[in-house]
>>> print(open('start.txt').read())   # compact mmCIF, N, CA and C atoms
# COMPACT_ATOMS: atom_id res chain seq x y z
N MET O 37 5.61 -14.40 -15.30
CA MET O 37 6.01 -13.03 -15.45
C MET O 37 7.47 -12.91 -15.00
N ASP O 38 8.30 -12.32 -15.84
CA ASP O 38 9.71 -12.14 -15.51
C ASP O 38 9.93 -10.79 -14.86
N ILE O 39 10.63 -10.82 -13.73
CA ILE O 39 10.93 -9.59 -13.01
C ILE O 39 12.44 -9.47 -12.90
N ALA O 40 12.96 -8.32 -13.30
CA ALA O 40 14.40 -8.05 -13.18
C ALA O 40 14.63 -7.21 -11.94
N HIS O 41 15.72 -7.52 -11.24
CA HIS O 41 16.13 -6.72 -10.08
C HIS O 41 17.34 -5.91 -10.50
N ILE O 42 17.21 -4.60 -10.42
CA ILE O 42 18.30 -3.69 -10.76
C ILE O 42 18.72 -3.04 -9.45
N GLY O 43 19.89 -3.40 -8.94
CA GLY O 43 20.32 -2.90 -7.64
C GLY O 43 21.58 -2.08 -7.72
N THR O 44 21.67 -1.11 -6.80
CA THR O 44 22.88 -0.32 -6.63
C THR O 44 23.27 -0.42 -5.15
N ASP O 45 24.31 0.27 -4.76
CA ASP O 45 24.73 0.24 -3.36
C ASP O 45 23.69 0.84 -2.42
N ASN O 46 22.90 1.78 -2.92
CA ASN O 46 21.96 2.47 -2.03
C ASN O 46 20.50 2.42 -2.48
N GLY O 47 20.16 1.51 -3.36
CA GLY O 47 18.77 1.39 -3.78
C GLY O 47 18.62 0.51 -4.99
N GLY O 48 17.46 0.62 -5.61
CA GLY O 48 17.23 -0.16 -6.80
C GLY O 48 15.77 -0.25 -7.17
N ALA O 49 15.49 -1.22 -8.04
CA ALA O 49 14.13 -1.40 -8.53
C ALA O 49 13.92 -2.85 -8.95
N PHE O 50 12.68 -3.28 -8.87
CA PHE O 50 12.23 -4.53 -9.46
C PHE O 50 11.35 -4.11 -10.63
N VAL O 51 11.61 -4.66 -11.80
CA VAL O 51 11.00 -4.17 -13.03
C VAL O 51 10.37 -5.31 -13.82
N VAL O 52 9.17 -5.04 -14.34
CA VAL O 52 8.50 -5.95 -15.27
C VAL O 52 8.50 -5.26 -16.63
N GLN O 53 8.97 -5.97 -17.66
CA GLN O 53 8.95 -5.43 -19.01
C GLN O 53 8.19 -6.38 -19.94
N ARG O 54 7.52 -5.78 -20.89
CA ARG O 54 6.84 -6.55 -21.95
C ARG O 54 7.10 -5.83 -23.25
N GLY O 55 7.55 -6.56 -24.24
CA GLY O 55 7.81 -5.96 -25.54
C GLY O 55 8.85 -4.85 -25.48
N GLY O 56 9.81 -4.97 -24.55
CA GLY O 56 10.85 -3.97 -24.43
C GLY O 56 10.43 -2.71 -23.69
N ARG O 57 9.19 -2.70 -23.16
CA ARG O 57 8.70 -1.53 -22.42
C ARG O 57 8.51 -1.88 -20.96
N ARG O 58 8.83 -0.94 -20.10
CA ARG O 58 8.61 -1.11 -18.66
C ARG O 58 7.11 -0.97 -18.41
N VAL O 59 6.50 -2.01 -17.81
CA VAL O 59 5.06 -1.97 -17.56
C VAL O 59 4.75 -2.04 -16.06
N GLY O 60 5.78 -2.20 -15.24
CA GLY O 60 5.58 -2.22 -13.80
C GLY O 60 6.91 -2.10 -13.09
N GLU O 61 6.89 -1.47 -11.91
CA GLU O 61 8.13 -1.36 -11.15
C GLU O 61 7.85 -1.12 -9.68
N LEU O 62 8.80 -1.51 -8.87
CA LEU O 62 8.83 -1.22 -7.46
C LEU O 62 10.20 -0.62 -7.20
N THR O 63 10.26 0.55 -6.58
CA THR O 63 11.56 1.19 -6.34
C THR O 63 11.82 1.28 -4.84
N TYR O 64 13.11 1.28 -4.49
CA TYR O 64 13.48 1.34 -3.08
C TYR O 64 14.82 2.04 -2.90
N THR O 65 15.02 2.52 -1.67
CA THR O 65 16.33 3.01 -1.26
C THR O 65 16.80 2.08 -0.15
N ARG O 66 18.12 2.00 0.04
CA ARG O 66 18.65 1.09 1.05
C ARG O 66 19.79 1.74 1.80
N GLN O 67 19.76 1.53 3.11
CA GLN O 67 20.88 1.92 3.95
C GLN O 67 21.12 0.76 4.91
N ASP O 68 22.30 0.19 4.82
CA ASP O 68 22.65 -1.00 5.61
C ASP O 68 21.63 -2.10 5.31
N ARG O 69 20.94 -2.58 6.34
CA ARG O 69 19.98 -3.67 6.15
C ARG O 69 18.55 -3.17 5.90
N GLN O 70 18.34 -1.87 5.97
CA GLN O 70 16.98 -1.33 5.88
C GLN O 70 16.66 -0.88 4.45
N VAL O 71 15.56 -1.41 3.94
CA VAL O 71 15.10 -1.09 2.59
C VAL O 71 13.78 -0.33 2.69
N VAL O 72 13.76 0.88 2.17
CA VAL O 72 12.53 1.69 2.17
C VAL O 72 11.92 1.59 0.78
N VAL O 73 10.79 0.91 0.68
CA VAL O 73 10.09 0.78 -0.60
C VAL O 73 9.22 2.02 -0.75
N ASN O 74 9.57 2.85 -1.74
CA ASN O 74 8.90 4.14 -1.86
C ASN O 74 7.89 4.23 -2.99
N GLN O 75 7.82 3.21 -3.85
CA GLN O 75 6.85 3.30 -4.95
C GLN O 75 6.61 1.95 -5.59
N THR O 76 5.36 1.71 -5.93
CA THR O 76 5.02 0.64 -6.88
C THR O 76 4.19 1.31 -7.97
N TRP O 77 4.42 0.86 -9.17
CA TRP O 77 3.67 1.40 -10.31
C TRP O 77 3.43 0.27 -11.30
N VAL O 78 2.21 0.21 -11.82
CA VAL O 78 1.85 -0.77 -12.84
C VAL O 78 1.06 -0.03 -13.91
N GLU O 79 1.39 -0.32 -15.16
CA GLU O 79 0.66 0.28 -16.28
C GLU O 79 -0.84 0.04 -16.09
N PRO O 80 -1.65 1.06 -16.31
CA PRO O 80 -3.09 0.96 -16.03
C PRO O 80 -3.78 -0.28 -16.62
N ARG O 81 -3.44 -0.65 -17.82
CA ARG O 81 -4.15 -1.79 -18.45
C ARG O 81 -3.81 -3.13 -17.78
N LEU O 82 -2.76 -3.17 -16.95
CA LEU O 82 -2.36 -4.41 -16.27
C LEU O 82 -2.73 -4.42 -14.79
N ARG O 83 -3.32 -3.34 -14.31
CA ARG O 83 -3.69 -3.27 -12.90
C ARG O 83 -4.78 -4.29 -12.58
N GLY O 84 -4.72 -4.80 -11.37
CA GLY O 84 -5.71 -5.80 -10.94
C GLY O 84 -5.38 -7.21 -11.38
N ARG O 85 -4.19 -7.42 -11.93
CA ARG O 85 -3.79 -8.74 -12.42
C ARG O 85 -2.65 -9.36 -11.60
N GLY O 86 -2.37 -8.77 -10.44
CA GLY O 86 -1.36 -9.34 -9.57
C GLY O 86 0.07 -8.91 -9.83
N VAL O 87 0.26 -7.96 -10.72
CA VAL O 87 1.62 -7.52 -11.07
C VAL O 87 2.28 -6.85 -9.86
N ALA O 88 1.59 -5.92 -9.22
CA ALA O 88 2.17 -5.22 -8.07
C ALA O 88 2.48 -6.19 -6.93
N GLU O 89 1.58 -7.11 -6.67
CA GLU O 89 1.80 -8.10 -5.62
C GLU O 89 3.02 -8.97 -5.93
N THR O 90 3.19 -9.33 -7.18
CA THR O 90 4.35 -10.11 -7.59
C THR O 90 5.64 -9.31 -7.42
N LEU O 91 5.59 -8.02 -7.68
CA LEU O 91 6.76 -7.16 -7.46
C LEU O 91 7.13 -7.13 -5.97
N VAL O 92 6.12 -6.97 -5.12
CA VAL O 92 6.39 -6.94 -3.68
C VAL O 92 6.92 -8.30 -3.21
N ALA O 93 6.34 -9.38 -3.70
CA ALA O 93 6.82 -10.72 -3.33
C ALA O 93 8.28 -10.90 -3.73
N SER O 94 8.66 -10.39 -4.88
CA SER O 94 10.05 -10.47 -5.33
C SER O 94 10.97 -9.69 -4.39
N ALA O 95 10.53 -8.51 -3.97
CA ALA O 95 11.32 -7.70 -3.04
C ALA O 95 11.47 -8.41 -1.70
N VAL O 96 10.41 -9.03 -1.22
CA VAL O 96 10.46 -9.76 0.05
C VAL O 96 11.42 -10.95 -0.07
N ARG O 97 11.37 -11.65 -1.17
CA ARG O 97 12.27 -12.79 -1.39
C ARG O 97 13.74 -12.36 -1.36
N VAL O 98 14.05 -11.27 -2.03
CA VAL O 98 15.43 -10.76 -2.02
C VAL O 98 15.80 -10.27 -0.62
N ALA O 99 14.87 -9.61 0.07
CA ALA O 99 15.13 -9.15 1.43
C ALA O 99 15.46 -10.33 2.35
N ARG O 100 14.74 -11.42 2.21
CA ARG O 100 15.03 -12.62 3.01
C ARG O 100 16.42 -13.16 2.69
N ASN O 101 16.71 -13.26 1.41
CA ASN O 101 18.01 -13.82 0.99
C ASN O 101 19.19 -12.99 1.45
N ARG O 102 18.98 -11.68 1.57
CA ARG O 102 20.08 -10.77 1.93
C ARG O 102 19.99 -10.27 3.36
N ASP O 103 19.03 -10.81 4.13
CA ASP O 103 18.81 -10.41 5.52
C ASP O 103 18.53 -8.91 5.64
N TRP O 104 17.71 -8.38 4.75
CA TRP O 104 17.26 -7.00 4.80
C TRP O 104 15.90 -6.95 5.49
N VAL O 105 15.55 -5.77 6.01
CA VAL O 105 14.21 -5.53 6.53
C VAL O 105 13.56 -4.44 5.68
N VAL O 106 12.25 -4.52 5.54
CA VAL O 106 11.52 -3.63 4.64
C VAL O 106 10.74 -2.59 5.44
N VAL O 107 10.83 -1.35 5.00
CA VAL O 107 10.03 -0.26 5.54
C VAL O 107 9.11 0.20 4.41
N PRO O 108 7.82 -0.10 4.49
CA PRO O 108 6.90 0.35 3.44
C PRO O 108 6.68 1.86 3.52
N ASP O 109 6.98 2.55 2.45
CA ASP O 109 6.69 3.98 2.34
C ASP O 109 5.78 4.18 1.12
N CYS O 110 4.97 3.19 0.89
CA CYS O 110 4.06 3.13 -0.26
C CYS O 110 2.80 2.43 0.24
N SER O 111 1.65 3.02 0.01
CA SER O 111 0.41 2.45 0.53
C SER O 111 0.15 1.04 0.02
N TYR O 112 0.50 0.76 -1.23
CA TYR O 112 0.25 -0.59 -1.73
C TYR O 112 1.13 -1.61 -1.00
N VAL O 113 2.36 -1.26 -0.72
CA VAL O 113 3.26 -2.19 -0.04
C VAL O 113 2.75 -2.45 1.39
N GLU O 114 2.26 -1.42 2.06
CA GLU O 114 1.65 -1.61 3.38
C GLU O 114 0.49 -2.59 3.27
N TYR O 115 -0.36 -2.39 2.29
CA TYR O 115 -1.52 -3.27 2.05
C TYR O 115 -1.06 -4.71 1.78
N ALA O 116 -0.04 -4.86 0.97
CA ALA O 116 0.45 -6.20 0.64
C ALA O 116 0.97 -6.92 1.89
N PHE O 117 1.67 -6.20 2.76
CA PHE O 117 2.16 -6.82 3.99
C PHE O 117 1.00 -7.20 4.90
N GLU O 118 -0.07 -6.43 4.92
CA GLU O 118 -1.25 -6.78 5.70
C GLU O 118 -1.88 -8.06 5.17
N ARG O 119 -1.91 -8.22 3.86
CA ARG O 119 -2.52 -9.40 3.23
C ARG O 119 -1.65 -10.64 3.35
N HIS O 120 -0.35 -10.46 3.61
CA HIS O 120 0.58 -11.59 3.66
C HIS O 120 1.33 -11.61 4.99
N PRO O 121 0.70 -12.09 6.04
CA PRO O 121 1.38 -12.12 7.34
C PRO O 121 2.64 -12.98 7.33
N GLU O 122 2.75 -13.88 6.38
CA GLU O 122 3.96 -14.72 6.27
C GLU O 122 5.19 -13.91 5.88
N TRP O 123 4.99 -12.67 5.47
CA TRP O 123 6.11 -11.79 5.14
C TRP O 123 6.57 -10.96 6.34
N SER O 124 5.88 -11.06 7.46
CA SER O 124 6.13 -10.17 8.59
C SER O 124 7.56 -10.26 9.13
N ASP O 125 8.24 -11.37 8.87
CA ASP O 125 9.63 -11.49 9.33
C ASP O 125 10.55 -10.50 8.62
N ARG O 126 10.12 -9.94 7.51
CA ARG O 126 10.93 -8.96 6.77
C ARG O 126 10.47 -7.53 7.01
N LEU O 127 9.42 -7.34 7.79
CA LEU O 127 8.91 -6.01 8.07
C LEU O 127 9.74 -5.39 9.18
N SER O 128 10.24 -4.20 8.94
CA SER O 128 11.07 -3.50 9.93
C SER O 128 10.27 -3.23 11.19
N ALA O 129 10.92 -3.34 12.35
CA ALA O 129 10.26 -3.05 13.62
C ALA O 129 9.69 -1.64 13.57
N GLY O 130 8.44 -1.49 13.92
CA GLY O 130 7.79 -0.19 13.90
C GLY O 130 7.09 0.12 12.59
N ALA O 131 7.48 -0.54 11.52
CA ALA O 131 6.82 -0.31 10.24
C ALA O 131 5.44 -0.95 10.28
N GLY O 132 4.52 -0.32 9.59
CA GLY O 132 3.18 -0.88 9.50
C GLY O 132 2.31 -0.58 10.70
N GLN O 133 2.84 0.15 11.69
CA GLN O 133 2.01 0.51 12.83
C GLN O 133 1.03 1.59 12.41
N ASP O 134 -0.13 1.57 13.01
CA ASP O 134 -1.16 2.56 12.69
C ASP O 134 -0.68 3.94 13.12
N LEU O 135 -0.67 4.88 12.20
CA LEU O 135 -0.31 6.26 12.50
C LEU O 135 -1.59 7.02 12.79
N SER O 136 -1.79 7.36 14.05
CA SER O 136 -3.03 8.06 14.39
C SER O 136 -2.91 9.53 14.04
N VAL O 137 -4.05 10.15 13.84
CA VAL O 137 -4.10 11.56 13.51
C VAL O 137 -4.66 12.29 14.71
N SER O 138 -3.97 13.36 15.14
CA SER O 138 -4.45 14.12 16.28
C SER O 138 -4.56 15.59 15.91
N PRO O 139 -5.55 16.30 16.51
CA PRO O 139 -5.73 17.72 16.19
C PRO O 139 -4.62 18.55 16.83
N VAL O 140 -4.27 19.66 16.16
CA VAL O 140 -3.34 20.65 16.71
C VAL O 140 -4.06 21.98 16.71
N ASP O 141 -3.44 23.02 17.26
CA ASP O 141 -4.06 24.34 17.31
C ASP O 141 -4.58 24.76 15.94
N GLY O 142 -5.72 25.39 15.91
CA GLY O 142 -6.30 25.87 14.66
C GLY O 142 -7.09 24.82 13.93
N GLY O 143 -7.29 23.66 14.54
CA GLY O 143 -8.11 22.63 13.93
C GLY O 143 -7.42 21.83 12.85
N GLU O 144 -6.13 22.07 12.62
CA GLU O 144 -5.43 21.29 11.61
C GLU O 144 -5.24 19.86 12.11
N GLN O 145 -4.95 18.98 11.20
CA GLN O 145 -4.66 17.60 11.54
C GLN O 145 -3.19 17.32 11.27
N ARG O 146 -2.59 16.52 12.12
CA ARG O 146 -1.21 16.10 11.88
C ARG O 146 -1.06 14.68 12.36
N ARG O 147 -0.06 13.99 11.85
CA ARG O 147 0.22 12.63 12.29
C ARG O 147 0.92 12.67 13.63
N ALA O 148 0.46 11.83 14.54
CA ALA O 148 1.05 11.79 15.88
C ALA O 148 2.33 11.00 15.88
>>> encode(input="start.txt", output="structure tokens")
Amino acid sequence: MDIAHIGTDNGGAFVVQRGGRRVGELTYTRQDRQVVVNQTWVEPRLRGRGVAETLVASAVRVARNRDWVVVPDCSYVEYAFERHPEWSDRLSAGAGQDLSVSPVDGGEQRRA
């Protein structure tokens, strides 16, 4: 599977295309060395075939090469980092920590 990296000074995307159509992507924003991965998307008919994981692996590879750290702001990327402890060297300090939920006045829930 061929993945293209489209980067700008403050963000970019990793893209999978087939037949000239975008069928998967991972998008991120970047400030200095910190990369916030905010979305992964895979065309429904290709889900479950490792496309999203390959996109995340590509982002981790580029992060290693450029000495970037990754902040997952996407549930799939968090999941992928949990499944691949060998990527933990690229995980930003504090990222991936369990966010507990605590009650506030009126019984609402909020992240602590």
>>> atom_distance(input="start.txt", atom1="CA of Glu118 in chain O", atom2="CA of Val78 in chain O")
19.7 Å
>>> closest_residue(input="start.txt", among="O:Leu82, O:Val107, O:Asn74, O:Ala99", to="His41 in chain O", atoms="only C-alpha atoms")
O:Ala99
>>> select_by_dssp(input="start.txt", residues="chain O", states="alpha helix (DSSP H)", output="JSON, numbers by chain")
{"O": [87, 88, 89, 90, 91, 92, 93, 94, 95, 96, 97, 98, 99, 100, 101, 102, 111, 112, 113, 114, 115, 116, 117, 118, 119]}
>>> closest_residue(input="start.txt", among="O:Arg69, O:Ala88, O:Val52, O:Tyr64", to="Arg102 in chain O", atoms="all atoms listed in the file")
O:Arg69
>>> residues_around(input="start.txt", residues="range 109-116 of chain O", least_positions_apart="4", cutoff="6.5 Å", atoms="only N, CA and C atoms", output="VMD selection string")
chain O and resid 72 to 76 120 132
>>> atom_distance(input="start.txt", atom1="atom N of Leu91 in chain O", atom2="CA of Asp45 in chain O")
21.3 Å
>>> closest_residue(input="start.txt", among="O:Ala49, O:Gly55, O:Gly60, O:Glu122", to="Val87 in chain O", atoms="only C-alpha atoms")
O:Gly60
>>> decode(input="start.txt", residues="range 72-89 of chain O", atoms="C-alpha atoms", output="PDB file, in the first residue's frame")
ATOM      1  CA  VAL O  72      -1.249  16.425  17.265  1.00  0.00           C
ATOM      2  CA  VAL O  73      -2.913  13.657  15.255  1.00  0.00           C
ATOM      3  CA  ASN O  74      -6.526  14.740  15.092  1.00  0.00           C
ATOM      4  CA  GLN O  75      -8.128  12.288  12.671  1.00  0.00           C
ATOM      5  CA  THR O  76      -7.850   8.969  10.919  1.00  0.00           C
ATOM      6  CA  TRP O  77     -10.356   8.020   8.275  1.00  0.00           C
ATOM      7  CA  VAL O  78     -10.639   4.949   6.054  1.00  0.00           C
ATOM      8  CA  GLU O  79     -13.269   4.309   3.411  1.00  0.00           C
ATOM      9  CA  PRO O  80     -15.839   1.914   4.918  1.00  0.00           C
ATOM     10  CA  ARG O  81     -15.220  -0.930   2.461  1.00  0.00           C
ATOM     11  CA  LEU O  82     -11.500  -0.975   3.444  1.00  0.00           C
ATOM     12  CA  ARG O  83     -11.958  -0.867   7.206  1.00  0.00           C
ATOM     13  CA  GLY O  84     -10.567  -3.784   9.167  1.00  0.00           C
ATOM     14  CA  ARG O  85      -7.773  -4.377   6.642  1.00  0.00           C
ATOM     15  CA  GLY O  86      -4.967  -2.571   8.444  1.00  0.00           C
ATOM     16  CA  VAL O  87      -5.132   0.680   6.485  1.00  0.00           C
ATOM     17  CA  ALA O  88      -5.509   2.924   9.553  1.00  0.00           C
ATOM     18  CA  GLU O  89      -2.737   1.096  11.399  1.00  0.00           C
TER      19      GLU O  89
END
